[in-house]
Each structure stands twice: as structure tokens, then as C-alpha cells.
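Below is one structure, written out as C-alpha cells, with a few remarks after it.
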Amino acid sequence: MADGGETTTTTTTAVVTLGGKGSSLSPSSLHAVSAGIARVRVDSSARDRLASSLPAADFQISFPPYFTAAETRASLAVLLNKLLVSGGPGTGTALVDLITDSLNSAEGYTGFGNLAVTNEEVSISEKAHSSLYGISALLDHLSTALSTTVDAVAALSCEAIKADVAAVFNPTDSGDGFVSKDEIGVASDMKVLLNGSKLLGKVDNEAISSIPKVHATLRTVVKSVHSKVRMYLNSSVRIQKTGSTADGAAADDVVNVLWPLADVLLRIGESSLGRAKMDLDAIAADALKSSLTGMFEKECARMDDLENEKKVLCDAYIGRELEKFVHELYVLCGCVWKTVVWEAITAFVALEGSELLEKGKHEEINGVQADKKSEKKKKKKAVLGRGTAVLVQLIKDRFQRNGSDESVSLEKLVKDLLLFLDARGPEFDHFLNKVKDIVDSNESRRLPKLPKGTRDFGKEQMAVREKAFSIIKEVFKKHGATALDTPVVELNETLMGKYGEDSKLIYNLADQGGERCSLRYDLTVPFARYMAMNGLTSLKRYQIAKVYRRDNPSKGRHREFYQCDFDIAGQNVRMGPDFEVIEVLVELLDKLNIGDYEIKLNHRKLLDGMLKICGVPPEKFRTICSSIDKLDKQSFDQIRKEMVEEKGLTAEVADRIGNFVKERGPPLELLAKLQDKGSKFLENEGSVHALDDLKILFNTLEKSKSINRIVFDLSLARGLDYYTGVIYEAVFKGATQVGTIAAGGRYDDLIGKFGTKQVPAVGVSLGIERVFAIMENQIIRPTETQVLIGSLGDDLPSTAELVKEFWEAGLKAEFLIDKRVRKHIDYAKEYRIPWLVLVGERELSEEREPSEDVVKLKDFENAKEEVVGRSAIVQKLLNRLGAVRT
């Protein structure tokens, strides 16, 4: 499914945003666009950077006639993205709009003919390699899904044919390198799927014994393809180097990366075909076996078909027909995918065939009379594995939803399964996610597993976090905030009663020291407790720390996560702190460069006034606010049902609330409407006070040029009980679906609950984990290393002498000692180190001649290398980097 897109079963609403600062094109989102299940939206700020009209010449964008509609759409989407990320003053809006309209058109791409385009657009179009990268991304998406699906299908076959898997799925990694981690991973996943099965037996075959090795090879190749394709999709085109050899090298590189995929797909198809034939032989009912075998032989690809397709691929590869190559690989992938689906069909029928015959009640299946003899020999149903049982039930449930209980037909069963397991179809994601859930359940797995809602951070993620935290601290300190830290553990009485209905999510700890303690739920209540304990009446503070929620986390939610809080406590000019906190939020999100977002804003007193106007009893204000706060995730009809059936409101009161919460728009416009003569809000004292607050705030934000980020939204409620004034939430609008990324508001009574003094306060909390999810789509280096010193000898002291010169000059340098040049290059590329200094064994020795006193300097960014004198290399790099010797 498209990254960040929202879909329903009846309408296509998924949207893929291109060109935004925080948005990037992923293989899955490109697949959604190519399949027509997602629309394309060009980020408004990206489009604004383009010229409206430019002098232009004739040009044609064309694709090979053998391209499928999906391949053409994928190619166009890549070209559109390249125009947006690479375009400069010479790129206009006309071509961008034309491609966007074509991708979103119901008719699809029908050709553009002669186009009036600029030289810059011609250069980008010619150098974008959009067909290669587009189809490569489709292959990435399909092969990634296949690497998961093929394990599940093979597990069904193992049970259908009563395979002996004891030795096959118990490989041991002795550390000698003969068993790969991916092989162990495949075996581990298969064990999870088959755990508890009573159907496994003694049948052995190459198609069974090869599963770990063949499937592991697919996983390895898929990882390699994915790491390259993601980079190619979002890299910019260097317009100034039209026709350079680097572009041809990039095209050759992607084909070289894809070549191993062709080989492993053929092996996957071969082993899957072998198991499918064994599944057919395992079908007990002769009539059913005969009917399904006929369909299988007619519709499923044969091994000859796959080998012929591989031969076409080889010819295209050798002849460097690059577009032909990726197209034929896409065709091969489709053939192999269909083979795997047919294996699923034959395995399912072998496992559930007798039940299907009984359900048919002696009726014919595809014109073949049910075998009554087999019906009389009913046996106790064998026990499937815990994982495979879930998959079988998933398929059976789908048939029941489609009315298959009434009429059992083998033809209908096959047709339904082909649709259900079509990777390009709308239902496949449900099957794939179910397989992933089973595998992630970790039952009987050898490897350890993290609790749901927690995560490890590798080097790439840590680079993102450190960059984000650095920006956040800089903004907080710029506004005069001081750092504060509070304990992870608070007394339970400190936290309880402060969060309304969310109090049920507090992690309570076992009593081991005579005190009832809990993990902190947020950073605001501990801050209020700190202020009261220390008798403080004024403080501007920030805190970046982990908080905990006793939740059942879904995608994008966590049990342990960081919050970054900024708060201003103390008496101040009316709405002054509120203004500054929102300014801090705007500045944070802009500097984090995440892309398009909006800040929804409301006022608790205005919300209370609305509830009073609608007839809600005061004692139900907070619980109704909690319901309204769910409107960003649920429809009003669902919320209305909750308010009426669970919380005791009348239908009339709920409908009045519905009329109000639909109001949202530009702050000053909606404020004027709410303050207009005859407005119900003018009859409520609290509402009048709130409207006056908002008038001051909006006018101030308009002067500071930040009001364009604000949306006045009467549906915003914020469920936490401690809010008393302005409330706000920042929502990301890019492709990555993360929801609310920051929230806050005024809480004037909270500090007073812990002490004798009422201290007004206002703050904002940034949900950094969700910001990480957006930023991780950006390409960020895992280290800040500027140069790698690659020693081709084994002389550590001499290498240390050289690298020390770089360190003393203030350069960020690493060293690696290995006699293989490829080892140094691969390391530099993996960690995206821009410069490599290669030093031979001779250059490091004290006996070297002055004429040999040179090193090789490689510039990866510009694909250049040169020989430099050893004594000049440090200064040379300082000059190139614009650094100053420290």
C-alpha cells in the first residue's frame, strides 16, 4: 500500500506526495501508483519553486511498446519525482502538471506526442533513467513481498505432502560461515509457521530440502536490491554533466544489482513447481485431483516457460538492452509469483479437499461427481501448525464472506485464491500482514525478540536521532530554556487523576519498597510536581526523555518513546507564553525539515462553552471531550454512537455537537465568524474569554508570519484533563502516515494541585519517535567521518602516524588496515564516507624513496581520484572541505 495513503474497500483515497522536504518515493508507494490504487500529489512548496512559463523546444517522452501499463505508470512517476527533486530555474510547471494529470487520469497514459520542454527538462528526462528505476522499484516491492509469501506457502506444502522437515529447518550456525544468517532466519520462520503441526511426516525431496538455502538467497538478493533502489529513486540528476559516463555507469549498476534476482527467481519457481506437483499427488479424492491437475497444467507456468524467459533475459543483459532487461525480469517475476500462488492453491486443496467435498453435499465439483467412497471414510481432522492453521482459516473465512458456503466450486475456489494472493490486488496486503504477524509472534523461535511497542536503534537510526536532538536542543536554548531532568519512576499518586480516561495507560510497578510507584506517562506532570516541590513560581525549561504507556501498540505507536518538551511557567503578558510556545513548535518542525504539516488549534474554554451550548451536563464535559478527541481517527457517526450509547447523551445533544465540530479553517476567518453578532458563543462567559484570547494570539501570529501554519479546528479536544486554555496539535501531511507529531496547550491549574500556589503554565511536547519515522526516509549518513585512511599493508604503527596527522588537523577520520582495495571501498560506501586515502605498504615503510612518497585520494561524491604527495594530503583535504586547521 502507498506510504501514508488511506484506503477503503470501495474507494481509492491513497495519496503519494512528491517533492516535499520530508517526502520520498518508496518502492511500495510507487507500486501503489503503478497499480492505480494511489493518486499522486505534488507538494505545493515544490511546485511553487518551478517556473510558470519558460521558452521551450519540441521533445518526446516515449516508452517501449512492450511495456505494461504498470511499467509505464511507474516510469512516469519516477520521471515526475526526478523533475521535482532535480529541477531548478529551468524547470517549469507544465510538464510536471501533464505527468501528474496523466497518472491521476482514469484513462491512464495514452502518450504525450510532441512536448514543449526546456533544455533543463530534456537533460533531466534523458538522464533520469526513469524506466530502469521505475521497473526496478516494482521488482523491489514484488520480490520483497515474495520473500515473505514463499515461506508461508512452502509451509502449507510441507503439511500437505507430510514432509520430513526435522533436519531441514534446524540448521546450526557453527560460526564457520557455511550457514548464512538468512538461512537460519528462513528456518526459524518456517518453524514458527509449522509449530505444533501433526501433519509432518517422512517425505523428503529436493523441493523441500532446498527451501532454507533457496529462500535465504532470495532474502539476501532482495536486501541488496532494496538498498540500491531506494537510493536511485530519490537521487537528484546532475544537470550540468549531461552525457557524462557516470550516468551510463549508474544505469549499468542497477542492472548488475538486478541480475542475481533473475537467477534466484528461477530457482524459486523451480522449487515451487516441484512442491505444487507433490501437493497434487497428495490430494486424496481422485475426482478432485483430476479436475485440479487439469486446471494446473493449463494455467500454471511450466519450467520450460521460466527457462525460456531467463534466456530472453540473458540476451537482453548481454546486449545491454537495459529497458528490455528490466521488463523481462518483471515478466519473469510475475510468472514466478503465479507459480507460487498455484502452489498455495494445490496445498490448500490437498489440506482441505475432503471438507470441500462434504460441504458440496454430493454435488458436482466442476462437473465431476463427488467420490462418495471417500466421504464414508471420514477421519479425525489432522492438526495444522499454529501458523498455517491461521492462514488456512483466513482463506476459509474469505470464502464464507463471499457466500462460498452456499455453492462450492473448484473453479470458484481457484479464482478466489488467484485474486486473494495477487500481489497487485487490493486484498493481498491483508494476507501479507497476517503472515508477518504470525512470524513476528516468535513462538518457538531461537532468536530473542523485543516487546511490542519498543525498538532498537542501529547506526542509521542513531544518526537520525542525534541530528534531530541537536536541532531540537538548539531551538530550545535559543528561546532561553534551561535543561531539566526528572526520574523515570514517580509515585503513583503523583500521576493518577491527571490524564482523564488515559490514566488507564499508566504503567504501575509492583510494590517492592513500601511505595506504590509508576513509570512516568509524560513529562508535563513531573515538571509540575518539580515546580511545586521546589516552591518555584517561574521557569522556562526543556526536557528530552523517555516516557511509557501501558498500551497495546498498533503500527506507529510505542510503549516506550522519547518526548521533547518545552514549557513556560509563571505570570506573563496575556497570551505571550502561548505565542512563544507555538513559535518554538513552528521553528522546530521547519528546522527538522520533515515536509508539509499543519497545527490544529482550539481553546478548552471554547470547547466547554460549546458543550454547554449543546446541552452537555458539566460533569460529562471531560468524558465527551475524550470522545471528540478521537475524531481524527474515527468518523462522527462512530463518535456519536459512543456518546449516546456509552456516555448517556441524547441523540439531539450529540447532533448539535456534530454541527459545531465540523467547523475548521483559517484562524482569523473562523474567529470572525464565531464573534459575529448572533453567535451562540457570545452568550457564554467562558467562550467570550476564549475568543478574546484567540484574537490576541492570532493577531500576534499574523505579525510573526506563522499564522499560515495554523488551522482553527473546533473538533480538537485533547483528552488530557489538565488543559485549561489554548490547545494544539501538529499533524504531518506527507506520505508517511504518522498522525500527530506534537501537541500541547495551557495548564494553569496543574502546578497548584501539588502545592499551595497556582502557577500558570503552557507547553508543547514533540513526539520525536514519529518525527524519526519521517526523517528515516531521508538519506542520512550513519557517521560524520570525513575521510577513511585505507592502509593496504599490515603496519599499524605507520598507519597510526598518518591518521594522527588528520586528527590533529581537526578532520574526522577513521582508519582501516586490509590488503584488499575492495574492502576499503566497500567500507567507505557503506558508511557514506566521502573521501578515501589509499596508502600502499611501500608508502608506509620508512625505507620508501621520496619519489614514492604519494597516496591515492578518491572522491566518491564526484567519482574522481588523483595521486597526491603524502606530505600534502592533509592540507589538500582541508582545502577541499573548506576546513580550518585546529
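As shown in the C-alpha cells, the chain order sets the letters A, B, ...; within each chain, residues go from 1, and ligands are also counted from 1 in the order they appear.
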List every residue of range 395-533 of chain A that DSSP, applied to the backbone of this structure, places in strand (DSSP E or B), and write the result as a short mmCIF file (atom, residue, chain, number, x, y, z; two decimals) with N, CA, C and O atoms, in the first residue's frame.
```cif
data_model
loop_
_atom_site.label_atom_id
_atom_site.label_comp_id
_atom_site.auth_asym_id
_atom_site.auth_seq_id
_atom_site.Cartn_x
_atom_site.Cartn_y
_atom_site.Cartn_z
N THR A 482 16.12 26.36 30.03
CA THR A 482 17.16 25.61 30.73
C THR A 482 16.77 24.14 30.79
O THR A 482 15.58 23.80 30.78
N ALA A 483 17.76 23.27 30.87
CA ALA A 483 17.50 21.82 30.87
C ALA A 483 17.03 21.36 32.23
O ALA A 483 17.42 21.90 33.27
N VAL A 489 10.70 7.03 37.36
CA VAL A 489 9.69 6.50 38.28
C VAL A 489 9.13 7.63 39.13
O VAL A 489 9.88 8.42 39.71
N GLU A 490 7.80 7.71 39.19
CA GLU A 490 7.11 8.68 40.05
C GLU A 490 6.18 7.90 40.99
O GLU A 490 5.80 6.75 40.71
N LEU A 491 5.81 8.52 42.10
CA LEU A 491 4.79 7.93 42.95
C LEU A 491 3.48 7.84 42.17
O LEU A 491 3.13 8.75 41.41
N ASN A 508 1.94 0.79 36.12
CA ASN A 508 2.12 0.67 37.56
C ASN A 508 3.13 -0.43 37.87
O ASN A 508 3.12 -1.49 37.24
N CYS A 517 4.59 2.86 43.02
CA CYS A 517 5.25 3.68 42.00
C CYS A 517 4.74 3.34 40.61
O CYS A 517 4.16 2.28 40.38
N SER A 518 4.97 4.26 39.69
CA SER A 518 4.58 4.08 38.29
C SER A 518 5.64 4.71 37.40
O SER A 518 6.37 5.62 37.82
N LEU A 519 5.72 4.21 36.17
CA LEU A 519 6.58 4.86 35.18
C LEU A 519 5.89 6.13 34.69
O LEU A 519 4.67 6.17 34.55
#
```
Requested in this report: Identify, on the basis of only C-alpha atoms, every residue whose closest approach to Asp713 in chain A does not exceed 12 Å; exclude the query and any residue fewer than 3 positions from it along the same chain; express the result as a VMD selection string.
Outcome: chain A and resid 598 to 604 606 to 607 628 to 629 631 to 632 660 to 671 674 710 716 to 718 726 to 730
Requested in this report: Pick out the residues sitting within 6 Å of range 853-870 of chain A, and hand them over as an NGL selection string; count only C-alpha atoms, and ignore anything fewer than 5 positions along from it in its own chain.
Outcome: :A and (834-839 or 843)
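Across the structure, CA of Ala463 in chain A and CA of Val803 in chain A are spaced 23.6 Å apart.
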**Report entry** For range 539-553 of chain A: contacts at 9 Å, only C-alpha atoms, fewer than 2 positions along chain excluded, given as a ChimeraX atom specification
**Finding:** /A:452-453,469,473,476-477,479-486,488,504-508,519-523,527,531,536-537,555-570
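Proximity ranking of A:Gly19, A:Gly294, A:Gly745, A:Pro64 relative to Val42 in chain A places A:Gly19 first, based on only C-alpha atoms.
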Query raised in the report: Any idea what's packed within 12 Å of Leu194 in chain A, counting only C-alpha atoms, ignoring anything in its chain fewer than 4 positions away? Could you give it as a ChimeraX atom specification?
Result: /A:151-160,162-166,169,187-190,198-200,383-391,438-439,443-445
Expected file contents, prior selection, C-alpha atoms, as a compact mmCIF listing (two decimals), in the first residue's frame:
```txt
# COMPACT_ATOMS: atom_id res chain seq x y z
CA ASP A 151 7.84 -19.20 3.18
CA ALA A 152 4.16 -19.34 4.17
CA VAL A 153 3.15 -21.20 1.00
CA ALA A 154 6.01 -23.67 1.37
CA ALA A 155 4.90 -24.35 4.96
CA LEU A 156 1.42 -25.29 3.69
CA SER A 157 3.01 -27.65 1.14
CA CYS A 158 5.14 -29.30 3.83
CA GLU A 159 1.95 -30.25 5.67
CA ALA A 160 0.06 -31.22 2.52
CA LYS A 162 3.68 -34.77 5.01
CA ALA A 163 7.28 -33.68 4.56
CA ASP A 164 10.19 -34.51 6.82
CA VAL A 165 11.45 -31.10 7.99
CA ALA A 166 13.22 -32.04 11.22
CA PHE A 169 14.59 -26.48 9.48
CA ALA A 187 14.34 -21.98 9.04
CA SER A 188 13.26 -20.06 12.14
CA ASP A 189 10.24 -18.52 10.38
CA MET A 190 9.20 -21.90 8.97
CA LYS A 198 0.71 -33.14 13.45
CA LEU A 199 0.82 -33.46 9.67
CA LEU A 200 4.58 -33.52 9.16
CA VAL A 383 -3.89 -30.72 13.42
CA LEU A 384 -2.25 -28.00 11.38
CA GLY A 385 0.64 -25.89 12.64
CA ARG A 386 -0.32 -22.89 14.73
CA GLY A 387 0.80 -20.52 11.97
CA THR A 388 -0.51 -22.45 8.97
CA ALA A 389 -3.85 -23.00 10.72
CA VAL A 390 -4.31 -19.23 10.90
CA LEU A 391 -3.61 -18.88 7.16
CA ILE A 438 2.50 -14.90 12.71
CA VAL A 439 6.24 -14.80 12.12
CA GLU A 443 6.64 -18.78 19.04
CA SER A 444 9.38 -21.44 19.33
CA ARG A 445 11.87 -19.06 17.71
```
If you count only C-alpha atoms, which residues fall within 8 Å of Tyr109 in chain A, apart from same-chain ones fewer than 2 positions away, as a tab-separated table (two decimals) with C-alpha atoms, in the first residue's frame?
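Result file selection.tsv:
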```tsv
chain	number	residue	atom	x	y	z
A	69	ALA	CA	0.51	-0.09	-18.16
A	72	THR	CA	4.72	2.89	-17.92
A	73	ARG	CA	2.99	4.48	-14.91
A	102	SER	CA	-1.83	11.52	-16.69
A	103	LEU	CA	-1.04	9.44	-13.56
A	105	SER	CA	-6.40	10.04	-15.03
A	107	GLU	CA	-7.85	6.53	-18.80
A	111	GLY	CA	1.04	9.20	-25.00
```
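Among the candidates A:Ala761, A:Leu495, A:Gln400, A:Val644, the one nearest to Arg574 in chain A when counting only C-alpha atoms is A:Ala761.
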Requested in this report: Mind listing the helix (DSSP H, G or I) residues of range 654-797 of chain A, per DSSP on the backbone, as a ChimeraX atom specification?
Outcome: /A:654-661,667-674,680-683,685-703,707-709,751-753,768-775,796-797
Query raised in the report: What does the distance between CA of Ser28 in chain A and CA of Arg275 in chain A come to in Å, to one decimal place?
Result: 29.3 Å
Report task. Mind checking which residues fall within 10 Å of Gly500 in chain A, counting only C-alpha atoms, ignoring those fewer than 5 positions away in the same chain, and posting them as a list in words? Result -> Arg622, Thr623, Cys625, Ser626, Gly719, Leu720, Asp721 and Tyr722 of chain A
